[in-house]
>>> print(open('entry_24.csv').read())   # CSV, C-alpha atoms
chain,number,residue,atom,x,y,z
Z,1,MET,CA,14.3,-4.5,66.8
Z,2,ASP,CA,16.0,-1.2,66.5
Z,3,PRO,CA,13.5,1.4,65.1
Z,4,LYS,CA,16.0,2.6,62.6
Z,5,GLN,CA,16.5,-0.9,61.2
Z,6,GLY,CA,12.7,-1.2,60.9
Z,7,ILE,CA,12.5,2.0,58.9
Z,8,ILE,CA,15.4,0.9,56.7
Z,9,ARG,CA,13.7,-2.5,56.1
Z,10,ALA,CA,10.4,-0.8,55.3
Z,11,SER,CA,12.1,1.6,52.9
Z,12,MET,CA,13.8,-1.3,51.2
Z,13,ASP,CA,10.5,-3.2,50.9
Z,14,THR,CA,8.9,-0.2,49.1
Z,15,ARG,CA,12.0,0.3,47.0
Z,16,THR,CA,12.0,-3.3,46.0
Z,17,LEU,CA,8.4,-3.1,44.9
Z,18,LEU,CA,9.2,-0.1,42.8
Z,19,LEU,CA,12.1,-1.9,41.2
Z,20,ALA,CA,9.8,-4.8,40.4
Z,21,LEU,CA,7.5,-2.4,38.7
Z,22,LEU,CA,10.4,-0.9,36.9
Z,23,ALA,CA,11.5,-4.3,35.5
Z,24,GLU,CA,8.1,-5.4,34.3
Z,25,ILE,CA,7.0,-2.1,32.8
Z,26,SER,CA,10.4,-1.7,31.0
Z,27,LEU,CA,10.0,-5.2,29.6
Z,28,LEU,CA,6.4,-4.5,28.4
Z,29,GLY,CA,7.5,-1.2,26.9
Z,30,ALA,CA,10.4,-2.8,25.1
Z,31,LEU,CA,8.2,-5.6,23.7
Z,32,ALA,CA,5.6,-3.0,22.5
Z,33,ILE,CA,8.2,-0.9,20.7
Z,34,TYR,CA,9.8,-4.0,19.2
Z,35,PHE,CA,6.4,-5.2,18.0
Z,36,GLY,CA,5.6,-1.8,16.5
Z,37,VAL,CA,9.0,-1.6,14.7
Z,38,ARG,CA,8.9,-5.2,13.3
Z,39,GLN,CA,5.2,-5.2,12.4
Z,40,ARG,CA,4.2,-2.6,9.9
Z,41,GLY,CA,1.1,-0.5,10.6
Z,42,THR,CA,1.3,-0.8,14.4
Z,43,LEU,CA,2.3,2.7,15.3
Z,44,ALA,CA,-0.3,2.7,18.1
Z,45,VAL,CA,1.5,-0.1,19.9
Z,46,SER,CA,4.9,1.4,19.6
Z,47,THR,CA,3.5,4.7,20.9
Z,48,TRP,CA,2.0,2.9,23.8
Z,49,GLY,CA,5.4,1.3,24.4
Z,50,ALA,CA,7.1,4.7,24.5
Z,51,GLY,CA,4.6,5.7,27.2
Z,52,LEU,CA,5.5,2.6,29.2
Z,53,ILE,CA,9.2,3.4,28.9
Z,54,MET,CA,8.4,6.9,30.3
Z,55,VAL,CA,6.5,5.3,33.2
Z,56,ALA,CA,9.5,3.0,33.9
Z,57,ALA,CA,11.9,6.0,33.8
Z,58,GLY,CA,9.7,7.9,36.2
Z,59,ILE,CA,9.5,4.9,38.6
Z,60,GLY,CA,13.3,4.5,38.3
Z,61,ALA,CA,13.7,8.1,39.4
Z,62,ILE,CA,11.2,7.7,42.2
Z,63,SER,CA,13.1,4.6,43.5
Z,64,LEU,CA,16.2,6.8,43.9
Z,65,ARG,CA,14.4,9.0,46.4
Z,66,GLY,CA,17.0,9.9,49.0
Z,67,TYR,CA,20.0,9.2,46.8
Z,68,VAL,CA,19.5,11.9,44.2
Z,69,PRO,CA,18.2,15.5,44.5
Z,70,ASP,CA,14.5,15.9,45.0
Z,71,LEU,CA,14.2,17.8,41.7
Z,72,ILE,CA,15.0,14.5,40.0
Z,73,SER,CA,13.2,12.0,42.3
Z,74,ILE,CA,10.1,14.1,42.7
Z,75,THR,CA,9.5,16.7,40.0
Z,76,VAL,CA,11.2,15.0,37.1
Z,77,ALA,CA,9.9,11.6,38.2
Z,78,ASN,CA,6.3,12.7,38.4
Z,79,THR,CA,6.5,14.6,35.1
Z,80,LEU,CA,7.7,11.4,33.4
Z,81,THR,CA,5.0,9.2,34.8
Z,82,MET,CA,2.3,11.8,34.1
Z,83,GLY,CA,3.7,12.5,30.7
Z,84,ALA,CA,3.3,8.9,29.8
Z,85,ASN,CA,-0.5,9.5,29.8
Z,86,LEU,CA,-0.1,11.7,26.8
Z,87,PHE,CA,1.5,8.8,24.9
Z,88,PHE,CA,-1.3,6.5,26.0
Z,89,TYR,CA,-3.9,8.9,24.7
Z,90,ARG,CA,-1.9,9.5,21.5
Z,91,ALA,CA,-1.8,5.7,21.0
Z,92,LEU,CA,-5.6,5.5,21.2
Z,93,ARG,CA,-6.0,8.4,18.8
Z,94,ILE,CA,-3.6,6.8,16.3
Z,95,PHE,CA,-5.4,3.5,16.6
Z,96,LYS,CA,-8.7,5.3,15.7
Z,97,GLY,CA,-7.1,7.3,12.9
Z,98,LYS,CA,-7.7,10.6,14.6
Z,99,SER,CA,-5.5,13.7,15.0
Z,100,VAL,CA,-2.9,13.4,17.7
Z,101,ASP,CA,-2.7,17.1,18.6
Z,102,ASP,CA,-3.2,17.3,22.4
Z,103,PRO,CA,-2.9,20.9,23.7
Z,104,LEU,CA,-5.2,20.2,26.6
Z,105,GLY,CA,-3.0,17.3,27.8
Z,106,VAL,CA,0.2,19.2,27.4
Z,107,GLY,CA,-1.2,22.1,29.3
Z,108,ALA,CA,-2.3,19.9,32.1
Z,109,LEU,CA,1.1,18.2,32.3
Z,110,VAL,CA,2.9,21.6,32.5
Z,111,ALA,CA,0.5,22.8,35.2
Z,112,THR,CA,1.0,19.6,37.2
Z,113,THR,CA,4.8,19.9,36.9
Z,114,VAL,CA,4.7,23.4,38.3
Z,115,LEU,CA,2.5,22.3,41.2
Z,116,ILE,CA,4.7,19.3,42.0
Z,117,TYR,CA,7.8,21.6,42.1
Z,118,LEU,CA,5.9,24.1,44.3
Z,119,PHE,CA,4.9,21.5,46.9
Z,120,SER,CA,8.4,19.8,46.9
Z,121,ALA,CA,10.9,22.6,46.7
Z,122,VAL,CA,9.0,25.7,47.9
Z,123,ILE,CA,6.3,24.4,50.2
Z,124,PRO,CA,7.2,20.8,50.9
Z,125,ASN,CA,3.9,18.8,51.3
Z,126,PHE,CA,3.8,15.1,50.3
Z,127,ALA,CA,0.1,14.7,50.8
Z,128,ALA,CA,-0.6,17.7,48.5
Z,129,ARG,CA,1.6,16.1,45.8
Z,130,VAL,CA,-0.2,12.8,46.1
Z,131,VAL,CA,-3.6,14.5,45.7
Z,132,ILE,CA,-2.4,16.5,42.7
Z,133,VAL,CA,-0.9,13.5,40.9
Z,134,SER,CA,-3.8,11.2,41.7
Z,135,CYS,CA,-6.4,13.7,40.6
Z,136,ILE,CA,-4.8,14.7,37.3
Z,137,SER,CA,-3.8,11.1,36.5
Z,138,ALA,CA,-7.4,10.1,37.2
Z,139,LEU,CA,-8.6,12.8,34.7
Z,140,PHE,CA,-6.1,11.5,32.1
Z,141,PHE,CA,-7.3,7.9,32.4
Z,142,ALA,CA,-10.9,8.9,32.4
Z,143,ARG,CA,-10.3,10.8,29.2
Z,144,ASN,CA,-8.8,7.6,27.7
Z,145,ALA,CA,-11.9,5.7,28.8
Z,146,ILE,CA,-14.2,8.2,27.1
Z,147,GLU,CA,-12.0,8.1,24.0
Z,148,LEU,CA,-12.6,4.4,23.8
Z,149,ALA,CA,-16.4,4.8,24.1
Z,150,GLY,CA,-16.4,6.2,20.5
Z,151,PRO,CA,-17.1,4.1,17.4
Z,152,MET,CA,-14.7,1.2,16.7
Z,153,PRO,CA,-14.7,-1.6,14.1
Z,154,PRO,CA,-17.1,-4.3,15.5
Z,155,GLU,CA,-14.4,-6.9,15.3
Z,156,VAL,CA,-12.4,-5.2,18.1
Z,157,ARG,CA,-15.4,-4.4,20.3
Z,158,VAL,CA,-14.5,-7.0,23.0
Z,159,SER,CA,-10.9,-5.8,23.4
Z,160,GLN,CA,-12.1,-2.2,23.2
Z,161,GLN,CA,-14.5,-2.8,26.1
Z,162,PHE,CA,-11.8,-4.6,28.1
Z,163,MET,CA,-9.4,-1.6,27.6
Z,164,ARG,CA,-12.2,0.9,28.4
Z,165,TRP,CA,-13.1,-0.7,31.7
Z,166,THR,CA,-9.4,-1.1,32.6
Z,167,TYR,CA,-9.1,2.6,32.3
Z,168,TRP,CA,-12.2,3.2,34.4
Z,169,LEU,CA,-10.7,0.8,37.0
Z,170,VAL,CA,-7.4,2.8,37.1
Z,171,THR,CA,-9.4,6.0,37.4
Z,172,GLY,CA,-11.3,4.6,40.4
Z,173,VAL,CA,-8.1,3.4,42.1
Z,174,LEU,CA,-6.4,6.8,41.7
Z,175,LEU,CA,-9.5,8.5,43.1
Z,176,VAL,CA,-9.5,6.2,46.1
Z,177,ARG,CA,-5.8,6.8,46.7
Z,178,MET,CA,-6.4,10.6,46.5
Z,179,VAL,CA,-9.2,10.4,49.1
Z,180,ALA,CA,-7.2,8.1,51.4
Z,181,ASN,CA,-4.2,10.4,51.3
Z,182,ILE,CA,-6.3,13.3,52.2
Z,183,TYR,CA,-7.5,11.7,55.4
Z,184,SER,CA,-4.5,9.5,56.3
Z,185,PRO,CA,-1.4,10.6,54.3
Z,186,PRO,CA,1.8,8.5,54.6
Z,187,SER,CA,4.9,10.4,55.8
Z,188,ASP,CA,6.7,9.9,52.4
Z,189,MET,CA,6.7,7.8,49.3
Z,190,MET,CA,9.0,5.2,50.8
Z,191,SER,CA,7.1,4.6,54.0
Z,192,ALA,CA,5.7,1.1,54.3
Z,193,GLY,CA,2.1,0.3,54.9
Z,194,ALA,CA,-0.8,-1.7,53.5
Z,195,GLY,CA,-2.1,1.2,51.5
Z,196,GLN,CA,1.2,1.9,49.8
Z,197,SER,CA,1.8,-1.8,49.0
Z,198,THR,CA,-1.7,-2.3,47.7
Z,199,TYR,CA,-1.4,0.8,45.5
Z,200,PHE,CA,1.9,-0.3,43.9
Z,201,LEU,CA,0.5,-3.9,43.3
Z,202,ALA,CA,-2.6,-2.3,41.8
Z,203,VAL,CA,-0.3,-0.3,39.4
Z,204,LEU,CA,1.5,-3.4,38.5
Z,205,LEU,CA,-1.7,-5.3,37.6
Z,206,MET,CA,-3.2,-2.3,35.8
Z,207,VAL,CA,-0.2,-1.7,33.6
Z,208,THR,CA,-0.1,-5.4,32.7
Z,209,ALA,CA,-3.9,-5.4,31.9
Z,210,GLY,CA,-3.6,-2.2,29.9
Z,211,SER,CA,-0.7,-3.5,27.9
Z,212,PHE,CA,-2.6,-6.8,27.2
Z,213,GLY,CA,-5.6,-4.8,26.1
Z,214,MET,CA,-3.6,-2.6,23.7
Z,215,PHE,CA,-1.9,-5.7,22.1
Z,216,TRP,CA,-5.3,-7.4,22.0
Z,217,MET,CA,-7.0,-4.5,20.2
Z,218,GLU,CA,-4.1,-4.2,17.7
Z,219,ILE,CA,-4.0,-7.9,17.0
Z,220,GLN,CA,-7.7,-8.0,16.4
Z,221,TYR,CA,-7.5,-5.0,14.1
Z,222,LEU,CA,-4.6,-6.6,12.2
Z,223,HIS,CA,-6.7,-9.7,11.8
Z,224,VAL,CA,-9.6,-7.6,10.3
Z,225,GLU,CA,-7.1,-5.9,8.0
Z,226,LEU,CA,-5.6,-9.2,6.8
Z,227,THR,CA,-9.1,-10.6,6.2
Z,228,ARG,CA,-10.1,-7.5,4.3
Z,229,GLN,CA,-6.9,-7.6,2.2
Z,230,ALA,CA,-7.4,-11.2,1.4
Z,231,ALA,CA,-10.8,-10.3,0.0
Z,232,ARG,CA,-9.6,-7.4,-2.1
Z,233,ASP,CA,-7.7,-7.0,-5.3
Z,234,SER,CA,-4.5,-5.2,-4.3
Z,235,LEU,CA,-4.4,-3.0,-7.4
Z,236,THR,CA,-7.9,-1.7,-7.6
Z,237,GLY,CA,-9.2,-2.2,-4.1
Z,238,MET,CA,-12.2,-4.0,-5.4
Z,239,LEU,CA,-13.4,-7.5,-4.3
Z,240,ASN,CA,-11.3,-10.2,-5.9
Z,241,ARG,CA,-12.9,-12.9,-7.9
Z,242,ARG,CA,-13.3,-15.4,-5.0
Z,243,SER,CA,-14.9,-12.8,-2.7
Z,244,PHE,CA,-17.2,-11.6,-5.5
Z,245,LEU,CA,-18.4,-15.1,-6.2
Z,246,ALA,CA,-18.9,-15.7,-2.4
Z,247,ASP,CA,-21.2,-12.6,-2.3
Z,248,PHE,CA,-22.9,-13.8,-5.5
Z,249,GLU,CA,-23.7,-17.1,-3.9
Z,250,ARG,CA,-25.1,-15.5,-0.8
Z,251,GLU,CA,-27.2,-13.1,-2.8
Z,252,LEU,CA,-28.5,-15.9,-4.9
Z,253,ALA,CA,-29.5,-17.9,-1.9
Z,254,ARG,CA,-31.4,-14.8,-0.6
Z,255,VAL,CA,-33.2,-14.4,-3.9
Z,256,ARG,CA,-34.2,-18.0,-3.9
Z,257,ARG,CA,-35.6,-17.7,-0.4
Z,258,GLY,CA,-37.3,-14.4,-0.9
Z,259,GLY,CA,-38.6,-14.6,-4.4
Z,260,SER,CA,-37.0,-11.3,-5.5
Z,261,ASN,CA,-34.7,-10.7,-8.5
Z,262,MET,CA,-31.1,-9.7,-9.2
Z,263,SER,CA,-28.9,-8.9,-12.1
Z,264,VAL,CA,-25.3,-9.3,-13.1
Z,265,ALA,CA,-23.1,-7.3,-15.5
Z,266,MET,CA,-19.8,-8.4,-16.9
Z,267,PHE,CA,-17.4,-5.7,-18.2
Z,268,ASP,CA,-14.2,-5.9,-20.2
Z,269,LEU,CA,-11.8,-3.1,-21.2
Z,270,ASP,CA,-11.5,-2.6,-24.9
Z,271,HIS,CA,-8.1,-3.1,-26.6
Z,272,PHE,CA,-6.4,-3.3,-23.2
Z,273,LYS,CA,-3.6,-5.5,-24.6
Z,274,ARG,CA,-2.9,-2.9,-27.3
Z,275,LEU,CA,-2.7,-0.2,-24.6
Z,276,ASN,CA,-0.2,-2.2,-22.6
Z,277,ASP,CA,1.9,-2.8,-25.6
Z,278,LEU,CA,2.0,0.9,-26.6
Z,279,HIS,CA,2.4,2.5,-23.2
Z,280,GLY,CA,3.7,-0.3,-20.9
Z,281,HIS,CA,2.3,-2.2,-18.0
Z,282,PRO,CA,2.5,0.8,-15.5
Z,283,ALA,CA,0.1,2.7,-17.8
Z,284,GLY,CA,-2.1,-0.4,-17.8
Z,285,ASP,CA,-2.1,-0.5,-14.0
Z,286,GLU,CA,-3.0,3.2,-13.9
Z,287,VAL,CA,-5.9,2.6,-16.3
Z,288,LEU,CA,-7.2,-0.3,-14.2
Z,289,ARG,CA,-7.1,1.9,-11.0
Z,290,SER,CA,-8.8,4.8,-12.8
Z,291,VAL,CA,-11.5,2.6,-14.3
Z,292,ALA,CA,-12.1,1.0,-10.9
Z,293,ALA,CA,-12.6,4.4,-9.3
Z,294,SER,CA,-15.0,5.5,-12.1
Z,295,MET,CA,-17.0,2.3,-11.7
Z,296,GLN,CA,-17.2,2.6,-7.9
Z,297,ALA,CA,-18.5,6.2,-8.2
Z,298,CYS,CA,-21.4,5.0,-10.4
Z,299,ILE,CA,-22.7,2.0,-8.5
Z,300,ARG,CA,-25.4,2.1,-5.8
Z,301,LEU,CA,-25.0,1.2,-2.1
Z,302,PRO,CA,-26.2,-2.4,-2.3
Z,303,ASP,CA,-24.3,-3.2,-5.5
Z,304,VAL,CA,-21.2,-5.4,-5.3
Z,305,LEU,CA,-18.3,-4.7,-7.7
Z,306,GLY,CA,-15.4,-7.1,-8.2
Z,307,ARG,CA,-12.3,-7.5,-10.4
Z,308,TYR,CA,-13.1,-10.8,-12.2
Z,309,GLY,CA,-9.9,-11.2,-14.2
Z,310,GLY,CA,-7.1,-9.2,-15.7
Z,311,GLU,CA,-9.2,-6.4,-17.3
Z,312,GLU,CA,-12.6,-8.0,-16.5
Z,313,PHE,CA,-15.0,-6.6,-13.9
Z,314,ALA,CA,-18.3,-8.0,-12.6
Z,315,LEU,CA,-21.1,-6.2,-11.0
Z,316,LEU,CA,-23.8,-7.8,-8.8
Z,317,MET,CA,-27.0,-5.8,-8.5
Z,318,PRO,CA,-29.5,-7.0,-5.9
Z,319,ASN,CA,-33.2,-6.3,-6.4
Z,320,THR,CA,-32.6,-5.1,-9.9
Z,321,ASP,CA,-34.4,-6.1,-13.1
Z,322,ALA,CA,-32.7,-6.3,-16.5
Z,323,ASP,CA,-33.8,-2.8,-17.6
Z,324,MET,CA,-32.5,-1.1,-14.5
Z,325,ALA,CA,-29.3,-3.1,-14.6
Z,326,LEU,CA,-28.8,-1.9,-18.2
Z,327,ARG,CA,-29.2,1.7,-17.2
Z,328,VAL,CA,-26.6,1.2,-14.4
Z,329,ALA,CA,-24.2,-0.5,-16.7
Z,330,GLU,CA,-24.6,2.2,-19.3
Z,331,ARG,CA,-23.9,4.9,-16.7
Z,332,ILE,CA,-20.7,3.1,-15.9
Z,333,ARG,CA,-19.7,2.8,-19.5
Z,334,LEU,CA,-20.2,6.6,-20.1
Z,335,ALA,CA,-18.3,7.5,-17.0
Z,336,VAL,CA,-15.3,5.4,-17.9
Z,337,GLN,CA,-15.2,6.9,-21.5
Z,338,MET,CA,-15.6,10.5,-20.2
Z,339,ASN,CA,-13.0,10.3,-17.5
Z,340,GLY,CA,-10.2,8.8,-19.5
Z,341,VAL,CA,-6.7,8.5,-18.0
Z,342,GLU,CA,-3.8,11.1,-17.8
Z,343,TRP,CA,-0.5,9.4,-18.4
Z,344,LYS,CA,2.8,11.2,-18.8
Z,345,GLY,CA,1.1,14.3,-20.2
Z,346,GLU,CA,-1.0,12.3,-22.6
Z,347,ARG,CA,-4.8,11.7,-22.3
Z,348,LEU,CA,-5.6,8.0,-22.9
Z,349,THR,CA,-9.1,7.2,-24.1
Z,350,VAL,CA,-10.5,4.2,-22.3
Z,351,THR,CA,-13.7,2.4,-23.2
Z,352,LEU,CA,-15.3,-0.8,-22.0
Z,353,SER,CA,-17.9,-3.3,-23.2
Z,354,GLY,CA,-20.5,-5.0,-21.1
Z,355,GLY,CA,-23.2,-7.6,-20.9
Z,356,VAL,CA,-26.1,-7.6,-18.5
Z,357,ALA,CA,-28.3,-10.6,-17.5
Z,358,ALA,CA,-31.2,-10.8,-15.0
Z,359,TYR,CA,-32.2,-13.6,-12.7
Z,360,SER,CA,-35.6,-14.3,-11.2
Z,361,VAL,CA,-37.1,-17.3,-9.4
Z,362,SER,CA,-38.5,-18.6,-12.6
Z,363,GLY,CA,-35.3,-17.9,-14.5
Z,364,VAL,CA,-31.9,-19.5,-14.9
Z,365,THR,CA,-29.3,-21.1,-12.7
Z,366,ALA,CA,-26.4,-19.3,-11.2
Z,367,ASP,CA,-24.0,-20.7,-13.9
Z,368,GLY,CA,-26.6,-19.7,-16.5
Z,369,LEU,CA,-26.8,-16.2,-15.3
Z,370,ILE,CA,-23.0,-15.7,-15.5
Z,371,ALA,CA,-23.0,-17.4,-18.9
Z,372,SER,CA,-25.8,-15.1,-20.1
Z,373,ALA,CA,-24.0,-11.9,-19.1
Z,374,ASP,CA,-20.8,-13.3,-20.6
Z,375,ALA,CA,-22.5,-14.1,-23.9
Z,376,ALA,CA,-24.0,-10.6,-24.0
Z,377,LEU,CA,-20.4,-9.2,-23.4
Z,378,TYR,CA,-19.2,-11.2,-26.4
Z,379,GLU,CA,-22.0,-9.8,-28.4
Z,380,ALA,CA,-21.0,-6.2,-27.4
Z,381,LYS,CA,-17.4,-7.0,-28.4
Z,382,HIS,CA,-18.4,-8.3,-31.8
Z,383,ALA,CA,-20.8,-5.4,-32.4
Z,384,GLY,CA,-17.9,-2.9,-32.3
Z,385,ARG,CA,-17.1,-2.5,-28.6
Z,386,ASN,CA,-17.8,0.4,-26.3
Z,387,ARG,CA,-21.4,-0.6,-25.7
Z,388,ILE,CA,-23.6,-2.6,-23.3
Z,389,VAL,CA,-25.8,-5.4,-24.4
Z,390,LYS,CA,-28.7,-7.0,-22.5
Z,391,ALA,CA,-28.8,-10.8,-22.6
Z,392,ALA,CA,-31.7,-12.5,-24.2
Z,393,PRO,CA,-34.4,-13.8,-21.8
Z,394,SER,CA,-33.4,-17.4,-22.4
Z,395,PRO,CA,-29.9,-18.3,-21.3
Z,396,PRO,CA,-27.5,-20.3,-23.4
Z,397,VAL,CA,-28.0,-24.1,-23.2
Z,398,GLN,CA,-24.3,-24.7,-22.3
Z,399,ALA,CA,-23.7,-23.0,-18.9
Z,400,VAL,CA,-20.2,-21.8,-18.2
Z,401,ALA,CA,-19.0,-22.6,-14.7
Z,402,LEU,CA,-18.4,-19.8,-12.3
Z,403,ASN,CA,-14.7,-20.2,-12.6
Z,404,GLY,CA,-14.8,-20.4,-16.4
Z,405,THR,CA,-13.0,-18.1,-18.9
Z,406,HIS,CA,-14.6,-14.9,-20.2
Z,407,ALA,CA,-14.2,-12.5,-23.0
Z,408,THR,CA,-10.9,-10.9,-23.8
Z,409,SER,CA,-10.0,-7.6,-25.4
>>> encode(input="entry_24.csv", output="structure tokens")
Amino acid sequence: MDPKQGIIRASMDTRTLLLALLAEISLLGALAIYFGVRQRGTLAVSTWGAGLIMVAAGIGAISLRGYVPDLISITVANTLTMGANLFFYRALRIFKGKSVDDPLGVGALVATTVLIYLFSAVIPNFAARVVIVSCISALFFARNAIELAGPMPPEVRVSQQFMRWTYWLVTGVLLVRMVANIYSPPSDMMSAGAGQSTYFLAVLLMVTAGSFGMFWMEIQYLHVELTRQAARDSLTGMLNRRSFLADFERELARVRRGGSNMSVAMFDLDHFKRLNDLHGHPAGDEVLRSVAASMQACIRLPDVLGRYGGEEFALLMPNTDADMALRVAERIRLAVQMNGVEWKGERLTVTLSGGVAAYSVSGVTADGLIASADAALYEAKHAGRNRIVKAAPSPPVQAVALNGTHATS
């Protein structure tokens, strides 16, 4: 075979590999951006996709080596592929809810671009360029792996670890390439060889694995968010009725096993219908949000607060007797009254009534506990509102079901 034909064929083999990389990375990047645009709250994925598009653009410029000026196929190409690392880091920071400012990364990219230009246009040296790009890229990927070592929601821990070790693997491959090119550098980027082919295939696999990991983390996080939203009242952010009752049943089972006690308080806003009629439902919604915030600020760490109905709230207090529960409920009542609500330049006075009932192993059933707190709430309403009443030790004979109706304004 003519040596020139062999060189051409080898060059085409390498170029074909680059074009395969370009096609797959472009597809992954486009999918990530499309997913991020179509699915609200997935800015991390679309940012990752932007990074992939930069990598694809850089590989496209590299594949034109010999057909376009070296400034484009070397300096610009490497700047694009290196710059993608800033987007990958930014995606992780967005995912974790952190600041995306990255002066260190930008500075490293600028310095790398200057060095690449120096060793291509001023002092041409392919081996030096490979060492520089491999070393700085390894540092970028190691930084991403370290970023993923920080705290994450437990629900995404598996995908987080997958992404983290993918980054460490990429870091290792880049360091191996750097060392290999120091001792046995290829003549140029397009030269064929087992080392070059292995490196490009490794890049293909690592980009695929990294993209899979990013999608995996985002999907797991979205699942956690959907689960959380399904358990919460959209207006107040409190647990909804179903979730509150689920926590209630779990706590009741714990109390029965351990022989401790617990208390429940039921609250209802006073004259809420009148407030809605006078000021409109937007004012009512603002009152509910404000009251919820005041109540949240008053409860203790183990307490569970939920929106039980329209203007009804329920508070579960583990390891709490009736007297302590009464003090907690009274603290909530005073906070709601003192805070009030500002609405269109007018201060709205808001009060609530409440009933408290305690449970012990020798006490009432779950239905009876809710019924006792509800009966005490009715008593507070009939006694003039804006007060807390403690239920009598013996519960009502007729127990109201957990999904029964409760006091109204």
>>> closest_atom_pairs(input="entry_24.csv", of="segment 55-109 of chain Z", to="segment 118-131 of chain Z", cutoff="10 Å", atoms="only C-alpha atoms", output="Markdown table")
| residue | atom | partner | partner_atom | distance |
| --- | --- | --- | --- | --- |
| Z:Asp70 | CA | Z:Ser120 | CA | 7.5 |
| Z:Leu71 | CA | Z:Ala121 | CA | 7.7 |
| Z:Ile74 | CA | Z:Ser120 | CA | 7.3 |
| Z:Thr75 | CA | Z:Ser120 | CA | 7.6 |
| Z:Asn78 | CA | Z:Arg129 | CA | 9.4 |
>>> closest_residue(input="entry_24.csv", among="Z:Asn85, Z:Gln161, Z:Ser211, Z:Asn240", to="Leu139 of chain Z", atoms="only C-alpha atoms")
Z:Asn85
>>> closest_residue(input="entry_24.csv", among="Z:Gly284, Z:Phe140, Z:Met238, Z:Ala358", to="Gln296 of chain Z", atoms="only C-alpha atoms")
Z:Met238
>>> atom_distance(input="entry_24.csv", atom1="atom CA of Phe267 of chain Z", atom2="atom CA of Glu330 of chain Z")
10.7 Å
>>> atom_distance(input="entry_24.csv", atom1="atom CA of Leu17 of chain Z", atom2="atom CA of Gly58 of chain Z")
14.1 Å
>>> closest_residue(input="entry_24.csv", among="Z:Arg38, Z:Ala149, Z:Ile132, Z:Ala44", to="Leu175 of chain Z", atoms="all atoms listed in the file")
Z:Ile132
>>> closest_residue(input="entry_24.csv", among="Z:Asp101, Z:Glu251, Z:Asp303, Z:Glu342", to="Tyr359 of chain Z", atoms="all atoms listed in the file")
Z:Glu251
>>> residues_near_point(input="entry_24.csv", point="(1.7, 18.8, 37.7)", cutoff="9 Å", atoms="only C-alpha atoms", output="ChimeraX atom specification")
/Z:75,78-79,82,108-117,129,132-133,136
>>> closest_residue(input="entry_24.csv", among="Z:Leu28, Z:Ala375, Z:Leu252, Z:Leu326", to="Met214 of chain Z", atoms="all atoms listed in the file")
Z:Leu28
>>> atom_distance(input="entry_24.csv", atom1="atom CA of Ile25 of chain Z", atom2="atom CA of Leu104 of chain Z")
26.2 Å
>>> closest_residue(input="entry_24.csv", among="Z:Gln160, Z:Thr81, Z:Ser294, Z:Ser99", to="Ser137 of chain Z", atoms="only C-alpha atoms")
Z:Thr81
>>> residues_near_point(input="entry_24.csv", point="(-6.2, 7.9, 42.3)", cutoff="12 Å", atoms="all atoms listed in the file", output="tab-separated table (two decimals) with C-alpha atoms, in the frame of the given file")
chain	number	residue	atom	x	y	z
Z	129	ARG	CA	1.60	16.10	45.80
Z	130	VAL	CA	-0.20	12.80	46.10
Z	131	VAL	CA	-3.60	14.50	45.70
Z	132	ILE	CA	-2.40	16.50	42.70
Z	133	VAL	CA	-0.90	13.50	40.90
Z	134	SER	CA	-3.80	11.20	41.70
Z	135	CYS	CA	-6.40	13.70	40.60
Z	136	ILE	CA	-4.80	14.70	37.30
Z	137	SER	CA	-3.80	11.10	36.50
Z	138	ALA	CA	-7.40	10.10	37.20
Z	139	LEU	CA	-8.60	12.80	34.70
Z	140	PHE	CA	-6.10	11.50	32.10
Z	141	PHE	CA	-7.30	7.90	32.40
Z	142	ALA	CA	-10.90	8.90	32.40
Z	167	TYR	CA	-9.10	2.60	32.30
Z	168	TRP	CA	-12.20	3.20	34.40
Z	169	LEU	CA	-10.70	0.80	37.00
Z	170	VAL	CA	-7.40	2.80	37.10
Z	171	THR	CA	-9.40	6.00	37.40
Z	172	GLY	CA	-11.30	4.60	40.40
Z	173	VAL	CA	-8.10	3.40	42.10
Z	174	LEU	CA	-6.40	6.80	41.70
Z	175	LEU	CA	-9.50	8.50	43.10
Z	176	VAL	CA	-9.50	6.20	46.10
Z	177	ARG	CA	-5.80	6.80	46.70
Z	178	MET	CA	-6.40	10.60	46.50
Z	179	VAL	CA	-9.20	10.40	49.10
Z	180	ALA	CA	-7.20	8.10	51.40
Z	181	ASN	CA	-4.20	10.40	51.30
Z	182	ILE	CA	-6.30	13.30	52.20
Z	199	TYR	CA	-1.40	0.80	45.50
Z	200	PHE	CA	1.90	-0.30	43.90
Z	202	ALA	CA	-2.60	-2.30	41.80
Z	203	VAL	CA	-0.30	-0.30	39.40
>>> residues_around(input="entry_24.csv", residues="Lys273 of chain Z", least_positions_apart="4", cutoff="12 Å", atoms="only C-alpha atoms", output="short mmCIF file (atom, residue, chain, number, x, y, z; two decimals) with C-alpha atoms, in the coordinates of the input")
data_model
loop_
_atom_site.label_atom_id
_atom_site.label_comp_id
_atom_site.auth_asym_id
_atom_site.auth_seq_id
_atom_site.Cartn_x
_atom_site.Cartn_y
_atom_site.Cartn_z
CA ASP Z 268 -14.20 -5.90 -20.20
CA LEU Z 269 -11.80 -3.10 -21.20
CA ASP Z 277 1.90 -2.80 -25.60
CA LEU Z 278 2.00 0.90 -26.60
CA HIS Z 279 2.40 2.50 -23.20
CA GLY Z 280 3.70 -0.30 -20.90
CA HIS Z 281 2.30 -2.20 -18.00
CA ALA Z 283 0.10 2.70 -17.80
CA GLY Z 284 -2.10 -0.40 -17.80
CA ASP Z 285 -2.10 -0.50 -14.00
CA VAL Z 287 -5.90 2.60 -16.30
CA GLY Z 310 -7.10 -9.20 -15.70
CA GLU Z 311 -9.20 -6.40 -17.30
CA THR Z 408 -10.90 -10.90 -23.80
CA SER Z 409 -10.00 -7.60 -25.40
#
